[in-house]
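For reference, the structure discussed in these notes is given below.
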Amino acid sequence: METLTLSPRSKTKRLYIESYGCAMNLADSEVIASILQENGYQNQEQEKDADVVFLNTCAIRENAEDKIWHRLTALKASKKHKPGLIVGVLGCMAERLKTKLLDQERLVDLVVGPDAYRDLPNLLAQVEDGHKAVNVLLSREETYAEIAPIRLNSNGINAFISIMRGCDNMCSFCVVPFTRGRERSRDPHSIIHEAKELVAQGYKEVTLLGQNVDSYKWTSEDGSEQVNFAGLLEMTAQVDPSLRVRFSTSHPKDITDEVLYTMAKYENVCNYIHLPAQSGNSRILKLMNRTYDREWYLERVNRIREVIPDCGITCDIIAGFCSETEGEHQDTLSLMELCKFDFSYMYMYSERPGTLAARRYPDDIPEEVKKRRLQEIIDVQHEISRTKNASFVGRTCKVLIEGDSKKSKTDYKGRNDQNMLCVFPKDGVHQKGDYVNVKILSSTTTSLIGEITT
Ligand code: SAH
Ligand code: SF4
Ligand code: F3S
């Protein structure tokens with residue numbers, strides 16, 4: 001009988017990845033899992049089963065980083081019961097803090113920035129040899145284009161496709177250009193290939209991801225082929241008429257009429273745009289270096305409503321940016337009333353070291369004032385969402401079933417074209433992944449409740 005002896009290096013190792021922050025980080029975790037699977041690491045669903053724990057981190061606000069420090073302290077305690085456990089910090093906080101993450105004894109073993117994931121097998125080998133490992137080099141070319149992501153925590157229906165990396169916008173409050181480097185667009189052929197693979201695996205919806213998708217621009221090496229975002233959207237829409245296509249995030253300065261026409265032309269491109277305004281006041285927008293003003297933003301929203309009357313629009317808002325007056329805060333509230341966003345992500349301004357705002361403008365709005373303004377913003381948004389959702393009662397929406405509702409196994413949840421969450425009883429006929437017509441019977445601030453009519 002043959003005995004097989006495995007050296008520790010060739011033994012299958014077990015990896016667990018925890019993702020924080022935006023969808024781009026979730027998509028990156030799927031690339032990381034793929035790179036490491038090729039190198040003998042099996043992805044685990046639970047931390048307790050893993051020899052290597054990665055935190056794929058976010059640095060966008062101070063509290064995002066605080067969360068990671070707490071998590072690292074807890075993991076340090078786990079190391080006591082599990083000697084040899086490797087803890088890695090990846091992503092945006094790794095890129096921002098670099099070797100500072102290694103200052104504290106036995107807290108972190110490796111630090112890897114968003115453009116260095118191909119180096120992970122090598123870095124892990126260094127850690128196994130008893131060294132700390134760091135790679136935070138940013139790249140002008142890396143898009144991980146040909147790596148087939150391993151879908152993590154997937155429902156088998158919705159998937160993210162990363163179409164670009166980095167950001168060149170330099171909004172004065174934002175750390176992303178520092179953590180993710182220069183903007184670069186991924187080869188559209190690899191994007192379409194990924195979309196086709198997803199269709200073959202039964203996926204029904206893809207979301208094209210980038211910090212500023214409207215500035216997607218790819219030119220082939222010989223210069224003979226050029227694709228902009230509208231072109232990529234069209235190519236993706238044509239992959240399969242039953243594949244829903246969404247995208248995020250759009251920058252108000254870049255979203256073109258051509259993109260809106262493409263959305264209107266294809267039934268399977270969802271009528272939904274995430275269009276962060278950040279503020280409704282032109283002076284604040286200028287300080288934020290957003291490069292548009294209130295009038296421009298309102299014009300873009302009007303244009304969207306003209307071309308796609310039923311379009312869902314959502315927003316990001318920052319409360320209490322440097323030197324914001326009460327009147328300027330009121331402008332944000334009035335912009336929200338004018339635009340009637342379906343939903344908004346709302347934050348208090350958090351100063352990030354190294355950004356233009358941190359260097360130039362004092363973070364001078366007291367915490368209580370920021371809190372109060374944020375609450376006013378939240379209250380206005382809730383009221384708009386409530387009215388907006390109520391206006392859907394009596395309508396019938398085409399909904400993609402995504403799975404069981406959170407609250408009840410006898411109900412399904414799914415989203416309509418405008419990305420609104422719909423909940424409805426199972427009918428014993430339709431399944432996850434089916435499109436159904438749902439008649440909306442009632443609503444709350446966060447969801448539409450209805451019943452399947454077909
Ligand atoms: N690329 C997207 C935003 C990515 S970051 C865009 O340009 O719209 C997601 C959101 O986090 C931002 O829209 C902004 O509202 C918020 N954000 C970014 N930096 C922040 C900071 N320093 N303090 C508070 N919120 C911030
Ligand atoms: Fe940050 Fe602005 Fe780039 Fe968005 S567009 S990621 S807010 S710098
Ligand atoms: Fe956070 Fe990085 Fe995304 S800072 S929001 S994880 S790009």
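To be explicit about the labels: the chains of the structure tokens are called A, B, and onward in the order shown, and within each one the residues are counted from 1, while ligands get numbers from 1 in the order they are shown.
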
Quick one: residues within 8 Å of ligand 3, with only C-alpha atoms and all ligand atoms, as a count of residues only?
22

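Residues of protein, DNA or RNA having any atom at most 6 Å from ligand 2, counting only C-alpha atoms and all ligand atoms, are Cys167, Asn169, Met170, Cys171, Cys174, Val176, Pro177, Gln211 and Asn212 of chain A.
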
Filtering to all heavy atoms, could you give me those residues as a tab-separated table (two decimals), in the first residue's frame?
```tsv
chain	number	residue	atom	x	y	z
A	167	CYS	N	-9.72	55.54	-8.65
A	167	CYS	CA	-10.53	56.74	-8.90
A	167	CYS	C	-9.59	57.93	-9.08
A	167	CYS	O	-8.66	58.11	-8.31
A	167	CYS	CB	-11.48	56.99	-7.74
A	167	CYS	SG	-12.57	58.39	-8.07
A	169	ASN	N	-10.83	61.10	-9.21
A	169	ASN	CA	-11.63	62.31	-9.00
A	169	ASN	C	-11.16	63.25	-7.91
A	169	ASN	O	-11.41	64.44	-7.96
A	169	ASN	CB	-13.09	61.94	-8.77
A	169	ASN	CG	-13.77	61.69	-10.08
A	169	ASN	OD1	-13.42	62.32	-11.09
A	169	ASN	ND2	-14.71	60.78	-10.09
A	170	MET	N	-10.54	62.72	-6.90
A	170	MET	CA	-10.02	63.60	-5.85
A	170	MET	C	-11.08	64.48	-5.18
A	170	MET	O	-10.86	65.69	-5.00
A	170	MET	CB	-8.88	64.48	-6.39
A	170	MET	CG	-7.62	63.69	-6.63
A	170	MET	SD	-6.98	63.12	-5.04
A	170	MET	CE	-5.52	62.27	-5.54
A	171	CYS	N	-12.22	63.92	-4.84
A	171	CYS	CA	-13.17	64.65	-4.00
A	171	CYS	C	-12.42	64.94	-2.70
A	171	CYS	O	-11.73	64.06	-2.19
A	171	CYS	CB	-14.41	63.81	-3.73
A	171	CYS	SG	-15.23	63.34	-5.25
A	174	CYS	N	-12.40	62.48	0.39
A	174	CYS	CA	-12.41	61.04	0.14
A	174	CYS	C	-11.02	60.41	0.10
A	174	CYS	O	-10.09	60.89	-0.53
A	174	CYS	CB	-13.14	60.77	-1.16
A	174	CYS	SG	-13.32	59.02	-1.50
A	176	VAL	N	-10.49	57.28	-1.06
A	176	VAL	CA	-10.41	56.22	-2.08
A	176	VAL	C	-9.26	56.41	-3.10
A	176	VAL	O	-8.55	55.45	-3.40
A	176	VAL	CB	-11.77	56.02	-2.79
A	176	VAL	CG1	-11.67	55.08	-3.98
A	176	VAL	CG2	-12.80	55.48	-1.80
A	177	PRO	N	-9.04	57.63	-3.61
A	177	PRO	CA	-7.93	57.76	-4.57
A	177	PRO	C	-6.58	57.35	-3.95
A	177	PRO	O	-5.68	56.91	-4.67
A	177	PRO	CB	-7.94	59.25	-4.93
A	177	PRO	CG	-9.34	59.68	-4.67
A	177	PRO	CD	-9.80	58.89	-3.48
A	211	GLN	N	-15.97	52.88	-9.00
A	211	GLN	CA	-16.23	54.07	-8.18
A	211	GLN	C	-16.90	55.15	-9.01
A	211	GLN	O	-17.55	56.04	-8.47
A	211	GLN	CB	-14.93	54.62	-7.58
A	211	GLN	CG	-14.36	53.78	-6.47
A	211	GLN	CD	-15.31	53.64	-5.29
A	211	GLN	OE1	-16.36	54.26	-5.22
A	211	GLN	NE2	-14.93	52.79	-4.35
A	212	ASN	N	-16.70	55.10	-10.31
A	212	ASN	CA	-17.25	56.13	-11.19
A	212	ASN	C	-17.45	55.47	-12.56
A	212	ASN	O	-16.67	55.69	-13.48
A	212	ASN	CB	-16.24	57.27	-11.23
A	212	ASN	CG	-16.65	58.39	-12.14
A	212	ASN	OD1	-17.77	58.40	-12.66
A	212	ASN	ND2	-15.76	59.32	-12.37
```

Quick one: contact table of chain A to ligand 1, 9 Å max, nearest atom pair and distance in Å to one decimal per residue, counting only C-alpha atoms and all ligand atoms, chain and number order, as a Markdown table?
```
| residue | atom | partner | partner_atom_place_in_ligand_line | distance |
| --- | --- | --- | --- | --- |
| A:Gly21 | CA | ligand 1 | 9 (C) | 8.8 |
| A:Cys22 | CA | ligand 1 | 9 (C) | 7.4 |
| A:Ala59 | CA | ligand 1 | 19 (N) | 8.8 |
| A:Ile60 | CA | ligand 1 | 19 (N) | 5.2 |
| A:Arg61 | CA | ligand 1 | 21 (C) | 5.3 |
| A:Glu62 | CA | ligand 1 | 22 (N) | 8.0 |
| A:Cys167 | CA | ligand 1 | 1 (N) | 7.6 |
| A:Asn169 | CA | ligand 1 | 7 (O) | 7.9 |
| A:Cys171 | CA | ligand 1 | 7 (O) | 7.6 |
| A:Ser172 | CA | ligand 1 | 22 (N) | 8.4 |
| A:Phe173 | CA | ligand 1 | 22 (N) | 4.6 |
| A:Cys174 | CA | ligand 1 | 19 (N) | 4.2 |
| A:Val175 | CA | ligand 1 | 19 (N) | 6.5 |
| A:Val176 | CA | ligand 1 | 5 (S) | 7.2 |
| A:Gly210 | CA | ligand 1 | 1 (N) | 7.5 |
| A:Gln211 | CA | ligand 1 | 1 (N) | 3.9 |
| A:Asn212 | CA | ligand 1 | 1 (N) | 5.4 |
| A:Val213 | CA | ligand 1 | 1 (N) | 8.7 |
| A:Ser248 | CA | ligand 1 | 2 (C) | 8.4 |
| A:Thr249 | CA | ligand 1 | 2 (C) | 5.7 |
| A:Ser250 | CA | ligand 1 | 8 (O) | 6.8 |
| A:His251 | CA | ligand 1 | 7 (O) | 5.7 |
| A:Pro252 | CA | ligand 1 | 8 (O) | 8.3 |
| A:His274 | CA | ligand 1 | 8 (O) | 8.2 |
| A:Leu275 | CA | ligand 1 | 8 (O) | 6.7 |
| A:Pro276 | CA | ligand 1 | 8 (O) | 4.6 |
| A:Ala277 | CA | ligand 1 | 8 (O) | 7.3 |
| A:Gln278 | CA | ligand 1 | 15 (O) | 5.4 |
| A:Ser279 | CA | ligand 1 | 15 (O) | 9.0 |
| A:Arg290 | CA | ligand 1 | 7 (O) | 8.2 |
| A:Cys315 | CA | ligand 1 | 13 (O) | 7.9 |
| A:Asp316 | CA | ligand 1 | 15 (O) | 4.5 |
| A:Ile317 | CA | ligand 1 | 15 (O) | 5.0 |
| A:Ile318 | CA | ligand 1 | 15 (O) | 5.3 |
| A:Ala319 | CA | ligand 1 | 24 (C) | 7.8 |
| A:Phe321 | CA | ligand 1 | 23 (N) | 8.1 |
| A:Tyr345 | CA | ligand 1 | 15 (O) | 7.0 |
| A:Met346 | CA | ligand 1 | 15 (O) | 6.8 |
| A:Tyr347 | CA | ligand 1 | 25 (N) | 5.2 |
| A:Met348 | CA | ligand 1 | 24 (C) | 5.4 |
| A:Tyr349 | CA | ligand 1 | 23 (N) | 3.8 |
| A:Ser350 | CA | ligand 1 | 23 (N) | 3.8 |
| A:Glu351 | CA | ligand 1 | 22 (N) | 5.1 |
| A:Arg352 | CA | ligand 1 | 22 (N) | 5.5 |
| A:Thr355 | CA | ligand 1 | 22 (N) | 8.5 |
| A:Ala357 | CA | ligand 1 | 22 (N) | 8.7 |
```

Enter the distance from CA of Asp187 (chain A) to CA of Glu146 (chain A), in Å, rounded to one decimal.
9.2 Å

Identify, on the basis of only C-alpha atoms, every residue whose closest approach to region 191-206 of chain A does not exceed 10 Å; exclude the query and any residue fewer than 4 positions from it along the same chain; express the result as an NGL selection string.
:A and (145-149 or 154-163 or 186-187 or 232 or 235-247 or 268-270 or 400-402 or 432-435)

List as a VMD selection string the protein and nucleic acid residues near Trp296 (chain A), meaning an atom at most 10 Å away when only C-alpha atoms are counted, but skip any in the same chain fewer than 6 places from it.
chain A and resid 252 to 253 282 302

Region 185-430 of chain A: residues DSSP assigns to alpha helix (DSSP H), reported as number ranges by chain:
A: 188-200, 229-237, 257-265, 282-287, 294-307, 326-339, 356-360, 367-390

For the selection you just gave me, I'd like the residues written to a file as a short mmCIF file (atom, residue, chain, number, x, y, z; two decimals), in the first residue's frame, keeping C-alpha atoms.
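For reference, part-v5.cif as written:
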```
data_model
loop_
_atom_site.label_atom_id
_atom_site.label_comp_id
_atom_site.auth_asym_id
_atom_site.auth_seq_id
_atom_site.Cartn_x
_atom_site.Cartn_y
_atom_site.Cartn_z
CA PRO A 188 -14.57 44.70 -22.01
CA HIS A 189 -14.10 41.28 -23.58
CA SER A 190 -13.13 39.81 -20.21
CA ILE A 191 -16.18 41.51 -18.67
CA ILE A 192 -18.51 40.01 -21.29
CA HIS A 193 -16.85 36.63 -20.86
CA GLU A 194 -17.52 36.82 -17.12
CA ALA A 195 -21.17 37.81 -17.72
CA LYS A 196 -21.63 34.86 -20.12
CA GLU A 197 -20.12 32.45 -17.59
CA LEU A 198 -22.52 33.76 -14.96
CA VAL A 199 -25.49 33.20 -17.28
CA ALA A 200 -24.28 29.65 -17.94
CA PHE A 229 -19.56 53.07 -20.49
CA ALA A 230 -22.64 53.32 -22.72
CA GLY A 231 -20.93 50.88 -25.11
CA LEU A 232 -20.11 48.44 -22.32
CA LEU A 233 -23.65 48.65 -20.97
CA GLU A 234 -25.00 47.82 -24.43
CA MET A 235 -22.59 44.89 -24.83
CA THR A 236 -23.62 43.53 -21.41
CA ALA A 237 -27.34 44.01 -22.14
CA ASP A 257 -27.41 61.14 -22.16
CA GLU A 258 -25.93 58.28 -24.19
CA VAL A 259 -25.99 56.11 -21.04
CA LEU A 260 -29.60 57.14 -20.37
CA TYR A 261 -30.63 56.27 -23.94
CA THR A 262 -28.94 52.87 -23.63
CA MET A 263 -30.84 52.24 -20.39
CA ALA A 264 -34.10 53.21 -22.08
CA LYS A 265 -33.34 51.05 -25.13
CA SER A 282 -22.98 74.77 -4.60
CA ARG A 283 -20.37 76.34 -2.31
CA ILE A 284 -20.01 73.10 -0.34
CA LEU A 285 -19.89 71.07 -3.56
CA LYS A 286 -17.04 73.29 -4.71
CA LEU A 287 -15.15 72.75 -1.45
CA ARG A 294 -26.62 72.21 -7.42
CA GLU A 295 -28.08 73.33 -10.77
CA TRP A 296 -26.07 70.76 -12.70
CA TYR A 297 -27.20 67.99 -10.37
CA LEU A 298 -30.86 69.02 -10.64
CA GLU A 299 -30.58 69.22 -14.43
CA ARG A 300 -29.16 65.67 -14.56
CA VAL A 301 -32.01 64.37 -12.40
CA ASN A 302 -34.56 66.11 -14.64
CA ARG A 303 -32.91 64.62 -17.71
CA ILE A 304 -33.04 61.13 -16.16
CA ARG A 305 -36.74 61.57 -15.46
CA GLU A 306 -37.35 62.79 -19.04
CA VAL A 307 -35.57 59.87 -20.69
CA GLU A 326 -27.38 75.98 8.57
CA GLY A 327 -28.58 77.55 5.33
CA GLU A 328 -26.30 75.30 3.28
CA HIS A 329 -27.58 72.28 5.20
CA GLN A 330 -31.13 73.41 4.34
CA ASP A 331 -30.10 73.37 0.68
CA THR A 332 -29.30 69.67 1.05
CA LEU A 333 -32.74 69.02 2.54
CA SER A 334 -34.42 70.96 -0.28
CA LEU A 335 -32.42 69.10 -2.92
CA MET A 336 -33.67 65.84 -1.43
CA GLU A 337 -37.26 67.11 -1.56
CA LEU A 338 -36.84 68.18 -5.18
CA CYS A 339 -35.22 64.92 -6.32
CA LEU A 356 -7.39 67.64 0.56
CA ALA A 357 -10.10 68.57 3.07
CA ALA A 358 -7.98 67.39 6.00
CA ARG A 359 -5.07 69.51 4.77
CA ARG A 360 -7.05 72.62 3.81
CA GLU A 367 -20.26 66.58 16.61
CA GLU A 368 -23.73 67.41 18.07
CA VAL A 369 -24.48 69.69 15.13
CA LYS A 370 -23.37 67.03 12.63
CA LYS A 371 -25.56 64.50 14.44
CA ARG A 372 -28.59 66.78 14.43
CA ARG A 373 -28.17 67.63 10.74
CA LEU A 374 -27.77 63.96 9.89
CA GLN A 375 -30.95 63.15 11.79
CA GLU A 376 -32.82 65.85 9.86
CA ILE A 377 -31.52 64.38 6.61
CA ILE A 378 -32.59 60.88 7.70
CA ASP A 379 -36.05 62.12 8.71
CA VAL A 380 -36.58 63.83 5.35
CA GLN A 381 -35.42 60.73 3.48
CA HIS A 382 -37.67 58.42 5.50
CA GLU A 383 -40.69 60.54 4.73
CA ILE A 384 -39.83 60.61 1.01
CA SER A 385 -39.24 56.83 0.96
CA ARG A 386 -42.51 56.21 2.76
CA THR A 387 -44.52 58.32 0.28
CA LYS A 388 -42.62 56.94 -2.70
CA ASN A 389 -43.20 53.33 -1.64
CA ALA A 390 -46.88 54.05 -0.93
#
```

Among the residues of region 91-235 of chain A, find those DSSP assigns to strand (DSSP E) from the backbone and print them as number ranges by chain.
A: 91, 110-112, 133-135, 158-162, 164-165, 184-185, 205-209, 217-219, 226-228

What does the file look like for those residues with N, CA, C and O atoms, as a short mmCIF file (atom, residue, chain, number, x, y, z; two decimals), in the first residue's frame?
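Writing the result to result-v9.cif gives the following:
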```
data_model
loop_
_atom_site.label_atom_id
_atom_site.label_comp_id
_atom_site.auth_asym_id
_atom_site.auth_seq_id
_atom_site.Cartn_x
_atom_site.Cartn_y
_atom_site.Cartn_z
N GLY A 91 -7.00 45.22 1.60
CA GLY A 91 -7.94 46.26 1.18
C GLY A 91 -7.49 47.66 1.54
O GLY A 91 -6.31 47.97 1.71
N LEU A 110 0.11 39.82 8.02
CA LEU A 110 0.40 40.35 6.69
C LEU A 110 -0.55 41.48 6.30
O LEU A 110 -1.69 41.54 6.76
N VAL A 111 -0.01 42.39 5.49
CA VAL A 111 -0.72 43.61 5.09
C VAL A 111 -0.63 43.69 3.57
O VAL A 111 0.47 43.74 3.01
N VAL A 112 -1.79 43.68 2.91
CA VAL A 112 -1.77 43.62 1.45
C VAL A 112 -2.78 44.61 0.86
O VAL A 112 -3.97 44.56 1.19
N ALA A 133 4.73 39.97 6.42
CA ALA A 133 4.77 40.23 4.97
C ALA A 133 3.90 41.44 4.62
O ALA A 133 2.79 41.59 5.15
N VAL A 134 4.43 42.28 3.75
CA VAL A 134 3.71 43.50 3.35
C VAL A 134 3.86 43.71 1.85
O VAL A 134 4.97 43.61 1.31
N ASN A 135 2.76 43.98 1.15
CA ASN A 135 2.83 44.48 -0.22
C ASN A 135 1.68 45.46 -0.43
O ASN A 135 0.51 45.06 -0.46
N ASN A 158 -27.67 36.90 -8.04
CA ASN A 158 -27.05 38.21 -8.30
C ASN A 158 -25.53 38.09 -8.18
O ASN A 158 -25.04 37.44 -7.27
N ALA A 159 -24.82 38.75 -9.08
CA ALA A 159 -23.35 38.76 -8.98
C ALA A 159 -22.81 40.14 -9.33
O ALA A 159 -23.42 40.89 -10.10
N PHE A 160 -21.68 40.46 -8.75
CA PHE A 160 -20.98 41.71 -9.08
C PHE A 160 -19.93 41.43 -10.13
O PHE A 160 -19.27 40.39 -10.09
N ILE A 161 -19.76 42.36 -11.06
CA ILE A 161 -18.63 42.30 -11.99
C ILE A 161 -17.87 43.61 -11.89
O ILE A 161 -18.42 44.68 -12.15
N SER A 162 -16.62 43.50 -11.50
CA SER A 162 -15.79 44.69 -11.38
C SER A 162 -15.37 45.14 -12.78
O SER A 162 -14.82 44.34 -13.54
N MET A 164 -13.85 48.37 -13.40
CA MET A 164 -12.72 49.31 -13.34
C MET A 164 -12.21 49.36 -11.92
O MET A 164 -12.87 48.88 -10.99
N ARG A 165 -11.04 49.95 -11.74
CA ARG A 165 -10.48 50.08 -10.39
C ARG A 165 -9.96 51.50 -10.21
O ARG A 165 -9.69 52.19 -11.18
N ARG A 184 -8.44 52.85 -13.75
CA ARG A 184 -8.15 52.06 -14.94
C ARG A 184 -9.34 51.17 -15.27
O ARG A 184 -10.03 50.71 -14.35
N SER A 185 -9.58 50.97 -16.56
CA SER A 185 -10.76 50.22 -17.00
C SER A 185 -10.35 48.84 -17.47
O SER A 185 -9.31 48.66 -18.10
N GLU A 205 -28.77 38.23 -12.63
CA GLU A 205 -28.56 39.68 -12.54
C GLU A 205 -27.09 39.98 -12.28
O GLU A 205 -26.48 39.34 -11.43
N VAL A 206 -26.55 40.93 -13.03
CA VAL A 206 -25.17 41.37 -12.76
C VAL A 206 -25.17 42.86 -12.46
O VAL A 206 -25.96 43.62 -13.01
N THR A 207 -24.27 43.26 -11.56
CA THR A 207 -24.07 44.68 -11.28
C THR A 207 -22.65 45.04 -11.68
O THR A 207 -21.69 44.46 -11.15
N LEU A 208 -22.53 45.95 -12.63
CA LEU A 208 -21.21 46.40 -13.08
C LEU A 208 -20.69 47.41 -12.07
O LEU A 208 -21.36 48.40 -11.77
N LEU A 209 -19.50 47.16 -11.55
CA LEU A 209 -19.00 47.97 -10.44
C LEU A 209 -17.80 48.83 -10.77
O LEU A 209 -16.86 48.37 -11.42
N LYS A 217 -13.50 53.75 -19.68
CA LYS A 217 -12.98 54.03 -21.02
C LYS A 217 -11.86 53.05 -21.30
O LYS A 217 -10.86 53.02 -20.57
N TRP A 218 -12.06 52.25 -22.32
CA TRP A 218 -11.05 51.24 -22.63
C TRP A 218 -10.64 51.37 -24.09
O TRP A 218 -11.47 51.56 -24.97
N THR A 219 -9.34 51.32 -24.33
CA THR A 219 -8.83 51.36 -25.69
C THR A 219 -7.95 50.14 -25.89
O THR A 219 -7.11 49.85 -25.03
N GLN A 226 -12.37 51.19 -29.21
CA GLN A 226 -12.61 52.01 -28.02
C GLN A 226 -13.99 51.72 -27.48
O GLN A 226 -14.95 51.63 -28.24
N VAL A 227 -14.10 51.56 -26.18
CA VAL A 227 -15.41 51.30 -25.58
C VAL A 227 -15.61 52.26 -24.41
O VAL A 227 -14.75 52.37 -23.54
N ASN A 228 -16.74 52.98 -24.41
CA ASN A 228 -17.07 53.82 -23.25
C ASN A 228 -18.13 53.12 -22.42
O ASN A 228 -18.51 51.98 -22.72
#
```

For Val108 (chain A), work out the shell of residues within 12 Å, counting only C-alpha atoms and skipping chain neighbours fewer than 4 positions away, then give it as an mmCIF file with N, CA and C atoms, in the first residue's frame.
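And here's result-v1.cif as it stands now:
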```
data_model
loop_
_atom_site.group_PDB
_atom_site.id
_atom_site.type_symbol
_atom_site.label_atom_id
_atom_site.label_comp_id
_atom_site.auth_asym_id
_atom_site.auth_seq_id
_atom_site.Cartn_x
_atom_site.Cartn_y
_atom_site.Cartn_z
ATOM 1 N N VAL A 52 -6.156 30.580 8.076
ATOM 2 C CA VAL A 52 -5.789 31.923 7.636
ATOM 3 C C VAL A 52 -7.064 32.775 7.651
ATOM 4 N N VAL A 53 -7.021 33.898 8.356
ATOM 5 C CA VAL A 53 -8.187 34.795 8.390
ATOM 6 C C VAL A 53 -7.787 36.134 7.772
ATOM 7 N N PHE A 54 -8.529 36.526 6.730
ATOM 8 C CA PHE A 54 -8.280 37.815 6.092
ATOM 9 C C PHE A 54 -9.427 38.772 6.389
ATOM 10 N N LEU A 55 -9.082 39.985 6.760
ATOM 11 C CA LEU A 55 -10.088 41.043 6.850
ATOM 12 C C LEU A 55 -9.860 41.951 5.648
ATOM 13 N N ILE A 68 -12.414 47.557 12.562
ATOM 14 C CA ILE A 68 -11.350 46.594 12.233
ATOM 15 C C ILE A 68 -10.386 46.429 13.409
ATOM 16 N N TRP A 69 -10.054 47.539 14.073
ATOM 17 C CA TRP A 69 -9.157 47.423 15.240
ATOM 18 C C TRP A 69 -9.787 46.519 16.294
ATOM 19 N N ARG A 71 -11.933 44.144 15.795
ATOM 20 C CA ARG A 71 -11.937 42.782 15.253
ATOM 21 C C ARG A 71 -10.546 42.145 15.402
ATOM 22 N N LEU A 72 -9.522 42.954 15.178
ATOM 23 C CA LEU A 72 -8.149 42.435 15.277
ATOM 24 C C LEU A 72 -7.829 42.047 16.721
ATOM 25 N N THR A 73 -8.329 42.830 17.680
ATOM 26 C CA THR A 73 -8.092 42.491 19.086
ATOM 27 C C THR A 73 -8.759 41.152 19.407
ATOM 28 N N ALA A 74 -9.970 40.956 18.898
ATOM 29 C CA ALA A 74 -10.667 39.688 19.139
ATOM 30 C C ALA A 74 -9.898 38.528 18.500
ATOM 31 N N LEU A 75 -9.357 38.761 17.307
ATOM 32 C CA LEU A 75 -8.615 37.695 16.622
ATOM 33 C C LEU A 75 -7.316 37.370 17.358
ATOM 34 N N LYS A 76 -6.735 38.387 17.990
ATOM 35 C CA LYS A 76 -5.509 38.148 18.753
ATOM 36 C C LYS A 76 -5.808 37.163 19.895
ATOM 37 N N LYS A 79 -5.922 33.691 18.628
ATOM 38 C CA LYS A 79 -4.590 33.132 18.353
ATOM 39 C C LYS A 79 -4.065 32.319 19.537
ATOM 40 N N LEU A 85 -2.363 30.483 13.740
ATOM 41 C CA LEU A 85 -3.399 31.191 12.978
ATOM 42 C C LEU A 85 -2.791 32.441 12.333
ATOM 43 N N ILE A 86 -3.010 32.578 11.038
ATOM 44 C CA ILE A 86 -2.459 33.745 10.325
ATOM 45 C C ILE A 86 -3.569 34.782 10.144
ATOM 46 N N VAL A 87 -3.272 36.028 10.512
ATOM 47 C CA VAL A 87 -4.258 37.101 10.354
ATOM 48 C C VAL A 87 -3.719 38.137 9.370
ATOM 49 N N GLY A 88 -4.483 38.396 8.322
ATOM 50 C CA GLY A 88 -4.064 39.367 7.314
ATOM 51 C C GLY A 88 -5.033 40.522 7.222
ATOM 52 N N VAL A 89 -4.496 41.732 7.046
ATOM 53 C CA VAL A 89 -5.347 42.890 6.760
ATOM 54 C C VAL A 89 -5.148 43.253 5.292
ATOM 55 N N LEU A 90 -6.240 43.246 4.547
ATOM 56 C CA LEU A 90 -6.197 43.517 3.113
ATOM 57 C C LEU A 90 -7.058 44.744 2.825
ATOM 58 N N ALA A 94 -5.469 48.618 4.759
ATOM 59 C CA ALA A 94 -4.096 48.118 4.601
ATOM 60 C C ALA A 94 -3.295 49.109 3.766
ATOM 61 N N LYS A 98 -0.543 50.895 5.886
ATOM 62 C CA LYS A 98 0.693 50.165 5.534
ATOM 63 C C LYS A 98 1.327 49.496 6.767
ATOM 64 N N THR A 99 2.631 49.688 6.970
ATOM 65 C CA THR A 99 3.314 48.952 8.049
ATOM 66 C C THR A 99 2.867 49.385 9.439
ATOM 67 N N LYS A 100 2.128 50.505 9.528
ATOM 68 C CA LYS A 100 1.627 50.922 10.851
ATOM 69 C C LYS A 100 0.744 49.824 11.459
ATOM 70 N N LEU A 101 0.177 48.992 10.587
ATOM 71 C CA LEU A 101 -0.669 47.911 11.088
ATOM 72 C C LEU A 101 0.146 46.840 11.809
ATOM 73 N N LEU A 102 1.460 46.885 11.602
ATOM 74 C CA LEU A 102 2.312 45.851 12.208
ATOM 75 C C LEU A 102 2.917 46.311 13.533
ATOM 76 N N ASP A 103 2.637 47.573 13.901
ATOM 77 C CA ASP A 103 3.293 48.133 15.086
ATOM 78 C C ASP A 103 3.016 47.337 16.356
ATOM 79 N N GLN A 104 1.770 46.892 16.480
ATOM 80 C CA GLN A 104 1.407 46.182 17.714
ATOM 81 C C GLN A 104 1.798 44.706 17.609
ATOM 82 N N VAL A 112 -1.787 43.678 2.909
ATOM 83 C CA VAL A 112 -1.767 43.624 1.446
ATOM 84 C C VAL A 112 -2.778 44.609 0.862
ATOM 85 N N VAL A 127 5.070 34.423 5.534
ATOM 86 C CA VAL A 127 4.531 34.389 6.898
ATOM 87 C C VAL A 127 4.752 33.005 7.511
ATOM 88 N N HIS A 131 8.073 35.242 8.956
ATOM 89 C CA HIS A 131 8.277 36.684 8.760
ATOM 90 C C HIS A 131 6.949 37.395 8.633
ATOM 91 N N LYS A 132 6.966 38.689 8.886
ATOM 92 C CA LYS A 132 5.799 39.511 8.566
ATOM 93 C C LYS A 132 5.870 39.802 7.066
ATOM 94 N N ALA A 133 4.732 39.969 6.416
ATOM 95 C CA ALA A 133 4.769 40.234 4.971
ATOM 96 C C ALA A 133 3.898 41.439 4.621
ATOM 97 N N VAL A 134 4.429 42.285 3.750
ATOM 98 C CA VAL A 134 3.707 43.499 3.348
ATOM 99 C C VAL A 134 3.860 43.711 1.846
#
```

Name the closest residue to Tyr266 (chain A) among the candidates A:Phe392, A:Ile308, A:Ala125, A:Pro114; distances are taken between atoms, counting only C-alpha atoms.
A:Ile308
